[in-house]
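K.L.:
Structure file coords_12.cif (mmCIF, C-alpha atoms and all ligand atoms) right here:
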data_protein
loop_
_atom_site.label_atom_id
_atom_site.label_comp_id
_atom_site.auth_asym_id
_atom_site.auth_seq_id
_atom_site.Cartn_x
_atom_site.Cartn_y
_atom_site.Cartn_z
CA MET A 1 98.18 130.24 73.68
CA LYS A 2 99.94 130.50 70.36
CA ALA A 3 101.83 127.91 68.29
CA THR A 4 103.17 127.53 64.75
CA ALA A 5 103.52 124.22 62.92
CA LYS A 6 104.74 123.19 59.50
CA ALA A 7 103.42 120.11 57.67
CA HIS A 8 104.16 118.68 54.23
CA THR A 9 101.72 117.24 51.77
CA ASN A 10 101.83 113.56 50.86
CA ILE A 11 101.19 111.51 47.76
CA ALA A 12 99.29 108.25 48.16
CA LEU A 13 100.89 105.19 46.57
CA ILE A 14 98.01 103.05 47.80
CA LYS A 15 94.99 105.32 47.58
CA TYR A 16 92.35 106.15 50.14
CA TRP A 17 89.18 105.97 48.09
CA GLY A 18 85.90 105.79 49.97
CA LYS A 19 84.46 106.54 53.39
CA ARG A 20 82.51 104.24 55.65
CA ASP A 21 81.62 107.16 57.95
CA GLU A 22 81.56 110.64 56.45
CA SER A 23 81.07 112.63 59.65
CA ILE A 24 84.24 111.51 61.45
CA ILE A 25 86.03 110.44 58.23
CA LEU A 26 86.53 106.69 58.50
CA PRO A 27 87.83 105.07 55.33
CA THR A 28 86.73 101.86 53.62
CA ASN A 29 90.37 100.88 53.03
CA SER A 30 93.83 101.44 54.48
CA SER A 31 96.21 103.58 52.41
CA LEU A 32 99.93 104.35 52.19
CA SER A 33 101.77 107.51 51.19
CA LEU A 34 105.08 109.29 50.78
CA THR A 35 105.44 112.70 52.45
CA LEU A 36 107.01 115.30 50.11
CA ASP A 37 109.41 118.04 51.15
CA GLY A 38 108.64 120.39 48.26
CA PHE A 39 105.06 121.20 49.23
CA TYR A 40 104.03 122.36 52.69
CA THR A 41 101.82 124.60 54.82
CA THR A 42 102.91 126.70 57.78
CA THR A 43 100.12 127.62 60.19
CA THR A 44 99.98 129.76 63.31
CA VAL A 45 97.05 129.31 65.69
CA ASP A 46 96.59 132.00 68.32
CA PHE A 47 93.74 131.42 70.81
CA GLN A 48 92.61 134.76 72.28
CA GLU A 49 90.09 135.36 75.09
CA GLU A 50 88.82 138.56 73.44
CA LEU A 51 87.73 136.92 70.15
CA SER A 52 84.03 136.08 69.71
CA LYS A 53 84.63 133.95 66.60
CA ASP A 54 87.53 132.41 64.68
CA ILE A 55 89.51 134.32 62.06
CA PHE A 56 91.26 132.50 59.21
CA THR A 57 93.67 134.01 56.70
CA LEU A 58 95.33 131.98 53.94
CA ASN A 59 98.36 133.50 52.19
CA ASP A 60 97.42 136.82 53.88
CA GLU A 61 93.87 136.84 52.44
CA PRO A 62 90.85 136.52 54.77
CA VAL A 63 88.91 133.30 54.12
CA THR A 64 85.10 132.98 54.46
CA GLY A 65 82.43 130.49 53.36
CA THR A 66 82.92 126.74 53.17
CA ALA A 67 86.70 126.80 53.65
CA PHE A 68 86.33 128.95 56.78
CA ASN A 69 83.55 126.73 58.14
CA ARG A 70 85.69 123.62 57.71
CA VAL A 71 88.54 125.19 59.67
CA SER A 72 86.24 126.49 62.39
CA ALA A 73 84.46 123.12 62.72
CA PHE A 74 87.84 121.46 63.08
CA LEU A 75 88.87 123.97 65.78
CA ASP A 76 85.64 122.98 67.59
CA LEU A 77 87.10 119.47 67.99
CA ILE A 78 90.26 120.92 69.51
CA ARG A 79 88.32 123.27 71.81
CA ARG A 80 86.08 120.43 72.95
CA SER A 81 89.06 118.15 73.70
CA ALA A 82 90.60 120.91 75.80
CA GLY A 83 87.32 121.76 77.57
CA LYS A 84 87.52 125.35 76.26
CA ASP A 85 84.41 125.59 74.09
CA LYS A 86 84.28 129.39 74.00
CA LEU A 87 87.90 130.11 73.14
CA PHE A 88 88.33 131.32 69.55
CA ALA A 89 91.46 131.59 67.46
CA ASN A 90 93.22 133.71 64.90
CA VAL A 91 94.57 131.24 62.32
CA GLN A 92 97.15 132.29 59.75
CA SER A 93 98.27 129.85 57.07
CA ILE A 94 100.85 130.12 54.35
CA ASN A 95 100.46 127.46 51.71
CA GLU A 96 103.48 126.39 49.67
CA VAL A 97 101.40 123.87 47.75
CA PRO A 98 100.56 125.19 44.29
CA THR A 99 96.79 124.76 44.16
CA ALA A 100 97.04 123.82 40.50
CA ALA A 101 99.42 120.96 41.26
CA GLY A 102 96.53 118.69 42.10
CA PHE A 103 97.88 117.77 45.49
CA ALA A 104 95.41 117.41 48.27
CA SER A 105 96.54 120.79 49.68
CA SER A 106 94.13 119.93 52.47
CA ALA A 107 96.65 117.29 53.61
CA SER A 108 99.41 119.70 54.63
CA GLY A 109 96.80 122.29 55.62
CA PHE A 110 94.91 120.16 58.13
CA ALA A 111 98.06 118.50 59.49
CA ALA A 112 99.60 121.92 60.23
CA LEU A 113 96.31 123.24 61.66
CA ALA A 114 95.86 120.24 63.93
CA ALA A 115 99.44 120.36 65.21
CA ALA A 116 99.48 124.12 65.82
CA GLY A 117 95.94 124.19 67.25
CA ALA A 118 96.51 121.31 69.67
CA LYS A 119 99.80 122.75 70.89
CA ALA A 120 98.41 126.29 71.24
CA ILE A 121 95.52 125.17 73.43
CA GLY A 122 97.81 123.01 75.58
CA LEU A 123 96.83 119.48 74.50
CA GLU A 124 99.74 117.07 74.86
CA LEU A 125 99.13 114.63 72.01
CA SER A 126 101.21 111.67 70.87
CA ASP A 127 101.77 111.36 67.09
CA GLN A 128 99.07 108.71 67.02
CA GLU A 129 96.57 110.95 68.80
CA LEU A 130 97.50 113.87 66.54
CA SER A 131 97.02 111.71 63.45
CA ARG A 132 93.60 110.58 64.71
CA LEU A 133 92.57 114.19 65.32
CA THR A 134 93.92 115.34 61.93
CA ARG A 135 91.96 112.59 60.14
CA GLN A 136 88.72 114.30 61.16
CA GLY A 137 89.72 117.45 59.24
CA SER A 138 90.84 115.70 56.06
CA GLY A 139 91.44 111.98 55.69
CA SER A 140 94.65 112.08 53.66
CA ALA A 141 96.07 114.65 56.13
CA CYS A 142 96.41 112.06 58.89
CA ARG A 143 99.37 110.56 56.98
CA SER A 144 101.23 113.91 56.87
CA ILE A 145 102.03 113.76 60.59
CA TYR A 146 104.95 111.50 59.64
CA GLY A 147 107.86 111.95 57.27
CA GLY A 148 108.77 109.39 54.62
CA PHE A 149 106.34 106.52 54.11
CA ALA A 150 103.23 106.30 56.30
CA GLU A 151 100.25 103.97 56.39
CA TRP A 152 96.77 105.05 57.42
CA GLU A 153 95.29 102.03 59.14
CA MET A 154 91.55 102.10 58.45
CA GLY A 155 90.65 100.56 61.81
CA GLU A 156 87.44 98.70 62.60
CA LYS A 157 85.77 100.53 65.44
CA PRO A 158 82.76 102.77 64.72
CA ASP A 159 84.16 105.53 66.98
CA GLY A 160 87.35 105.84 64.89
CA SER A 161 89.66 105.31 67.85
CA ASP A 162 91.74 102.79 65.85
CA SER A 163 91.84 104.78 62.59
CA TYR A 164 95.11 106.73 62.32
CA ALA A 165 98.41 106.73 60.44
CA VAL A 166 101.58 104.97 61.53
CA PRO A 167 105.15 105.49 60.27
CA ILE A 168 106.45 102.84 57.84
CA ALA A 169 109.92 104.22 56.99
CA PRO A 170 111.45 107.67 57.68
CA ALA A 171 112.46 110.12 54.94
CA ASP A 172 116.12 109.14 55.10
CA HIS A 173 115.37 105.44 54.61
CA TRP A 174 115.33 105.80 50.82
CA ASP A 175 115.85 108.67 48.38
CA VAL A 176 112.80 108.25 46.13
CA ARG A 177 111.70 111.36 44.25
CA VAL A 178 108.43 112.62 42.85
CA ALA A 179 107.84 114.96 39.91
CA ALA A 180 104.52 116.79 40.00
CA VAL A 181 103.46 117.29 36.38
CA ILE A 182 101.12 120.25 36.13
CA LEU A 183 98.70 120.31 33.23
CA ASN A 184 96.16 123.04 33.78
CA ALA A 185 94.95 125.34 36.51
CA THR A 186 91.20 124.87 36.28
CA MET A 187 89.35 123.58 39.32
CA LYS A 188 88.49 119.91 39.20
CA LYS A 189 84.86 119.15 38.43
CA VAL A 190 84.25 116.40 40.99
CA SER A 191 85.73 116.92 44.48
CA SER A 192 87.41 113.95 46.15
CA ARG A 193 84.58 113.93 48.69
CA GLU A 194 81.87 113.73 46.02
CA GLY A 195 83.88 111.36 43.82
CA MET A 196 84.40 108.92 46.66
CA LYS A 197 80.76 109.00 47.63
CA ARG A 198 79.48 108.40 44.13
CA THR A 199 81.96 105.56 43.65
CA VAL A 200 81.15 103.84 46.96
CA ASP A 201 77.40 104.20 46.35
CA THR A 202 77.25 103.19 42.69
CA SER A 203 80.44 101.73 41.19
CA ALA A 204 80.15 98.21 39.85
CA PHE A 205 83.92 97.89 40.33
CA TYR A 206 84.11 99.05 43.94
CA SER A 207 84.19 95.62 45.57
CA GLY A 208 87.06 94.63 43.26
CA TRP A 209 88.97 97.71 44.40
CA LEU A 210 88.51 96.84 48.06
CA ASP A 211 89.49 93.20 47.51
CA SER A 212 92.80 94.27 45.96
CA ILE A 213 94.02 96.46 48.82
CA PRO A 214 95.41 93.98 51.37
CA GLN A 215 97.78 92.40 48.84
CA ASP A 216 98.88 95.78 47.44
CA LEU A 217 99.65 97.02 50.94
CA GLN A 218 101.58 93.96 51.96
CA GLN A 219 103.67 93.93 48.79
CA ILE A 220 104.41 97.64 48.69
CA LYS A 221 105.61 97.50 52.30
CA GLU A 222 107.98 94.66 51.33
CA GLY A 223 109.18 96.80 48.41
CA ILE A 224 109.73 99.83 50.65
CA SER A 225 111.66 97.90 53.29
CA GLY A 226 113.90 96.36 50.58
CA CYS A 227 114.19 99.63 48.59
CA ASP A 228 112.90 97.75 45.53
CA PHE A 229 111.93 100.59 43.18
CA GLU A 230 110.39 98.43 40.42
CA LYS A 231 108.19 96.63 42.91
CA VAL A 232 107.00 99.82 44.63
CA GLY A 233 106.46 101.61 41.30
CA GLN A 234 104.55 98.77 39.70
CA ILE A 235 102.21 98.38 42.66
CA ALA A 236 101.63 102.14 42.99
CA GLU A 237 100.86 102.55 39.29
CA ALA A 238 98.51 99.55 39.22
CA ASN A 239 96.76 100.73 42.39
CA CYS A 240 96.23 104.18 40.87
CA LEU A 241 94.75 102.70 37.69
CA ARG A 242 92.44 100.49 39.71
CA MET A 243 91.22 103.47 41.75
CA HIS A 244 90.51 105.46 38.59
CA ALA A 245 88.75 102.44 37.06
CA THR A 246 86.19 102.60 39.88
CA THR A 247 85.12 106.07 38.68
CA LEU A 248 84.36 104.68 35.21
CA GLY A 249 82.19 102.01 36.83
CA ALA A 250 80.21 104.59 38.84
CA TYR A 251 76.84 106.05 37.88
CA PRO A 252 76.88 108.62 36.43
CA PRO A 253 80.35 107.57 35.27
CA PHE A 254 83.16 110.09 35.47
CA THR A 255 86.92 110.40 35.12
CA TYR A 256 89.48 112.86 36.43
CA TRP A 257 91.68 112.39 33.36
CA LEU A 258 92.22 114.78 30.48
CA ASP A 259 93.79 113.86 27.17
CA THR A 260 97.10 115.24 28.44
CA THR A 261 96.83 113.02 31.53
CA MET A 262 96.98 110.01 29.23
CA THR A 263 99.79 111.54 27.19
CA VAL A 264 101.89 111.86 30.36
CA MET A 265 101.03 108.31 31.45
CA GLN A 266 102.17 107.01 28.06
CA ALA A 267 105.37 109.09 28.19
CA VAL A 268 106.20 107.51 31.56
CA GLN A 269 105.64 104.03 30.16
CA ALA A 270 107.79 104.93 27.13
CA MET A 271 110.60 106.01 29.47
CA ARG A 272 110.40 102.60 31.11
CA ALA A 273 110.59 100.89 27.74
CA GLU A 274 113.85 102.77 27.23
CA GLY A 275 115.26 101.55 30.52
CA ILE A 276 114.48 104.52 32.80
CA PRO A 277 112.53 103.27 35.80
CA ALA A 278 109.68 105.76 36.34
CA TYR A 279 106.10 105.15 37.44
CA PHE A 280 103.05 107.39 37.65
CA THR A 281 100.25 107.94 40.11
CA ILE A 282 97.25 110.28 39.91
CA ASP A 283 94.94 111.64 42.61
CA ALA A 284 91.43 113.05 42.23
CA GLY A 285 92.40 115.41 39.42
CA PRO A 286 94.07 115.49 36.00
CA ASN A 287 97.68 116.07 37.07
CA VAL A 288 100.20 113.24 37.17
CA LYS A 289 102.89 112.53 39.78
CA VAL A 290 105.92 110.58 38.59
CA LEU A 291 108.10 108.47 40.90
CA TYR A 292 111.75 108.23 39.93
CA LEU A 293 115.24 107.72 41.37
CA PRO A 294 117.77 110.57 41.83
CA GLU A 295 120.16 109.30 39.13
CA ASN A 296 117.42 109.74 36.50
CA GLU A 297 116.25 113.18 37.59
CA LYS A 298 117.55 115.14 34.59
CA THR A 299 116.14 112.74 31.99
CA VAL A 300 112.79 112.45 33.74
CA GLU A 301 112.38 116.21 34.13
CA LYS A 302 113.38 116.93 30.53
CA THR A 303 111.07 114.25 29.12
CA LEU A 304 108.11 115.51 31.16
CA ARG A 305 108.71 119.19 30.32
CA ASN A 306 108.76 118.36 26.59
CA ILE A 307 105.25 116.90 26.61
CA PRO A 308 102.80 119.24 24.84
CA GLY A 309 100.19 120.50 27.33
CA VAL A 310 102.49 120.26 30.36
CA THR A 311 102.70 123.72 31.94
CA ASP A 312 105.15 122.98 34.78
CA VAL A 313 107.11 120.21 36.47
CA ARG A 314 107.95 120.49 40.17
CA LEU A 315 110.46 118.09 41.70
CA SER A 316 110.37 116.90 45.28
CA LYS A 317 112.27 114.65 47.66
CA SER A 318 110.87 112.69 50.53
CA GLY A 319 109.89 115.07 53.34
CA GLN A 320 109.78 115.27 57.12
CA GLY A 321 106.76 114.96 59.38
CA VAL A 322 105.17 117.79 61.35
CA THR A 323 107.57 120.25 62.97
CA TYR A 324 106.96 123.14 65.36
CA LEU A 325 108.53 126.53 64.71
O1 LIG B 401 91.57 113.48 52.03
P1 LIG B 401 90.98 113.91 50.73
O2 LIG B 401 89.54 114.21 50.80
O3 LIG B 401 91.77 115.03 50.09
O4 LIG B 401 91.05 112.67 49.70
C1 LIG B 401 92.23 112.23 49.09
C2 LIG B 401 91.94 111.21 48.07
C3 LIG B 401 93.10 110.86 47.14
O5 LIG B 401 94.01 111.93 47.06
C4 LIG B 401 92.56 110.59 45.74
C5 LIG B 401 93.84 109.60 47.59
C6 LIG B 401 94.70 109.73 48.80
O6 LIG B 401 94.84 108.71 49.49
O7 LIG B 401 95.28 110.80 49.07
#
In structure tokens, how does this file's structure come out?
P.N.:
Amino acid sequence: MKATAKAHTNIALIKYWGKRDESIILPTNSSLSLTLDGFYTTTTVDFQEELSKDIFTLNDEPVTGTAFNRVSAFLDLIRRSAGKDKLFANVQSINEVPTAAGFASSASGFAALAAAGAKAIGLELSDQELSRLTRQGSGSACRSIYGGFAEWEMGEKPDGSDSYAVPIAPADHWDVRVAAVILNATMKKVSSREGMKRTVDTSAFYSGWLDSIPQDLQQIKEGISGCDFEKVGQIAEANCLRMHATTLGAYPPFTYWLDTTMTVMQAVQAMRAEGIPAYFTIDAGPNVKVLYLPENEKTVEKTLRNIPGVTDVRLSKSGQGVTYL
């Protein structure tokens, strides 16, 4: 009753920003992402009759508290589906996502946990069923089941049965790259969970955000299918700015940006003015991700590394979906 799975993180080009149901994680809007090969989690789940509770180690360190409880609560879903409520697991994860990189490390983490856990306990799940299960651990993780571009369809039903990710284009469809620009290693002040909630509950701009999603999604999918980098980049950058605008319209207002965040954004726009197509996107933290094409890799990396306040730049290609080891 043991299985190992590897899952990559993903970067949202159309952001998931807001929940309509917090307990089973149902979003207020559909979202779309690119899975990245550079950042991943490998997790082994070993269900053992003799255990009386779960054990979780991350990078060889035992985990307790909130992080442990989240993993254990997620294993409860797997146990319940398999009709084995009293079967506990030893979970070992190795995270190749630098925590300071501002990626939702929970995306690769929960995708790998769901895949390994389901397989270990003997559930035979389709990708769609696995994505739906993964969503209940961390929303953005449901997109990491697939390689390349994936869309999380928000669904309509209150039970979440129609809320899961679907593949849009595999990793080998188009060689688009992402530079993760790392600014500082401090923990973010407002978690994505809290940030979303405050925005949904109070932001004067939230309805405008929701209204803009269907058109963004339709156009970015056209751009992806035609490998139109300018179109995809422009929509992703505008969508990111609109998401971050909702935080300024919340009460109390907040922003994830630092001064260096803006410096990087401006450097990306300056590259464009000089004829290098590059576009930025930012998640619920200060770090910036830059989309670029392979032929511009050297220039983009050099420009980003030269920005004062940038501590590291990590380059990534499009990555594969969940695999079993
Ligand atoms: O799934 P969470 O709670 O890590 O939320 C992710 C939210 C964003 O990263 C800001 C956007 C997204 O779609 O990944």
K.L.:
Which polymer residues have any atom within 10 Å of an atom of Leu210 in chain A, counting all atoms listed in the file, with same-chain residues fewer than 5 positions away left out, as a list of chain:residue names?
P.N.:
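These residues fall inside the cut-off: A:Trp17, A:Gly18, A:Thr28, A:Asn29, A:Ser30, A:Phe205, A:Arg242, A:Met243.
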K.L.:
Can I get the selected residues back with C-alpha atoms, as a JSON list (two decimals), keeping the file's coordinate frame?
P.N.:
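Writing the result to again-v7.json gives the following:
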[["chain", "number", "residue", "atom", "x", "y", "z"],
["A", 17, "TRP", "CA", 89.18, 105.97, 48.09],
["A", 18, "GLY", "CA", 85.90, 105.79, 49.97],
["A", 28, "THR", "CA", 86.73, 101.86, 53.62],
["A", 29, "ASN", "CA", 90.37, 100.88, 53.03],
["A", 30, "SER", "CA", 93.83, 101.44, 54.48],
["A", 205, "PHE", "CA", 83.92, 97.89, 40.33],
["A", 242, "ARG", "CA", 92.44, 100.49, 39.71],
["A", 243, "MET", "CA", 91.22, 103.47, 41.75]]
K.L.:
One decimal, Å: what's the distance from CA of Gly309 in chain A over to CA of His244 in chain A, could you say?
P.N.:
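Between CA of Gly309 in chain A and CA of His244 in chain A the gap works out to 21.1 Å.
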K.L.:
Taking only C-alpha atoms and all ligand atoms into account, list the residues no farther than 10 Å from ligand LIG 401 (chain B), as a PyMOL selection string.
P.N.:
chain A and resi 9-19+25+27+29-33+102-107+110+135-143+151-152+191-196+240+243-244+281-285
K.L.:
To one decimal place, how far is CA of Ile213 in chain A from CA of Tyr292 in chain A in Å?
P.N.:
23.1 Å
K.L.:
Using only C-alpha atoms, which of the listed residues (A:Thr199, A:Asn90, A:Thr263, A:Asn69) sits closest to Ala245 in chain A?
P.N.:
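Of A:Thr199, A:Asn90, A:Thr263, A:Asn69, the one nearest Ala245 in chain A, counting only C-alpha atoms, is A:Thr199.
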K.L.:
Please provide the set of residues having any atom within 8 Å of Lys317 in chain A, restricted to only C-alpha atoms, with same-chain residues fewer than 6 positions apart removed, written as a list in words.
P.N.:
Leu36, Asp37, Gly38, Asp175, Val176, Arg177 and Val178 of chain A
K.L.:
Find the distance between CA of Leu315 in chain A and CA of Val288 in chain A and write it in Å to one decimal.
P.N.:
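Computing it gives 12.2 Å between the two atoms.
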K.L.:
From the options A:Leu34, A:Ala250, A:Leu258, A:Leu304, which residue's atoms come nearest to Val290 in chain A, counting only C-alpha atoms?
P.N.:
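Among the listed residues, A:Leu304 lies closest to Val290 in chain A.
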K.L.:
Env of Val300 in chain A: 9 Å cut, atoms = only C-alpha atoms, seq-sep filter 6 positions within chain, self excluded. Answer as a tab-separated table (two decimals) with C-alpha atoms, keeping the file's coordinate frame.
P.N.:
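Resulting contents of out-v3.tsv:
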chain	number	residue	atom	x	y	z
A	179	ALA	CA	107.84	114.96	39.91
A	268	VAL	CA	106.20	107.51	31.56
A	271	MET	CA	110.60	106.01	29.47
A	276	ILE	CA	114.48	104.52	32.80
A	278	ALA	CA	109.68	105.76	36.34
A	290	VAL	CA	105.92	110.58	38.59
A	292	TYR	CA	111.75	108.23	39.93
K.L.:
Pick out the residues sitting within 10 Å of Pro252 in chain A, and hand them over as a ChimeraX atom specification; count only C-alpha atoms, and ignore anything fewer than 4 positions along from it in its own chain.
P.N.:
/A:198-199,202-203,247-248
K.L.:
Please put the answer as lines of an AutoDock Vina configuration file: centre and edge lengths, in Å with one decimal, of a box along x, y and z that encloses all listed atoms of range 38-54 of chain A plus 6 Å on each side.
P.N.:
center_x = 96.3
center_y = 129.5
center_z = 61.7
size_x = 36.6
size_y = 30.2
size_z = 38.8
K.L.:
Which polymer residues have any atom within 9 Å of an atom of Ser225 in chain A, counting all atoms listed in the file, with same-chain residues fewer than 3 positions away left out, as a ChimeraX atom specification?
P.N.:
/A:168-169,173,220-222,228
K.L.:
Let's have the selection written as a PDB file, in the coordinates of the input, with C-alpha atoms.
P.N.:
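Saved file out-v7.pdb follows:
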ATOM      1  CA  ILE A 168     106.450 102.840  57.840  1.00  0.00           C
ATOM      2  CA  ALA A 169     109.920 104.220  56.990  1.00  0.00           C
ATOM      3  CA  HIS A 173     115.370 105.440  54.610  1.00  0.00           C
ATOM      4  CA  ILE A 220     104.410  97.640  48.690  1.00  0.00           C
ATOM      5  CA  LYS A 221     105.610  97.500  52.300  1.00  0.00           C
ATOM      6  CA  GLU A 222     107.980  94.660  51.330  1.00  0.00           C
ATOM      7  CA  ASP A 228     112.900  97.750  45.530  1.00  0.00           C
TER       8      ASP A 228
END
K.L.:
Which residue, A:Met265, A:Leu113, A:Val91, A:Ile24, has the smallest gap to Ser163 in chain A when you use only C-alpha atoms?
P.N.:
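Distance minimum relative to Ser163 in chain A lands on A:Ile24.
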K.L.:
Within 9 Å of (109.7, 100.4, 43.4), all atoms listed in the file: residues as an NGL selection string?
P.N.:
:A and (176 or 220 or 223-224 or 227-236 or 277-279 or 291-292)
K.L.:
Could you check which of A:Leu58, A:Ile94, A:Val310, A:Ala114 is closest to Thr260 in chain A, using all atoms listed in the file?
P.N.:
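Of the candidates, the smallest distance to Thr260 in chain A is held by A:Val310.
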K.L.:
May I ask which of the residues A:Ala118, A:Leu325, A:Phe47, A:Leu87 is the closest one to Thr4 in chain A, counting all atoms listed in the file?
P.N.:
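Once distances to Thr4 in chain A are computed over all atoms listed in the file, the minimum belongs to A:Leu325.
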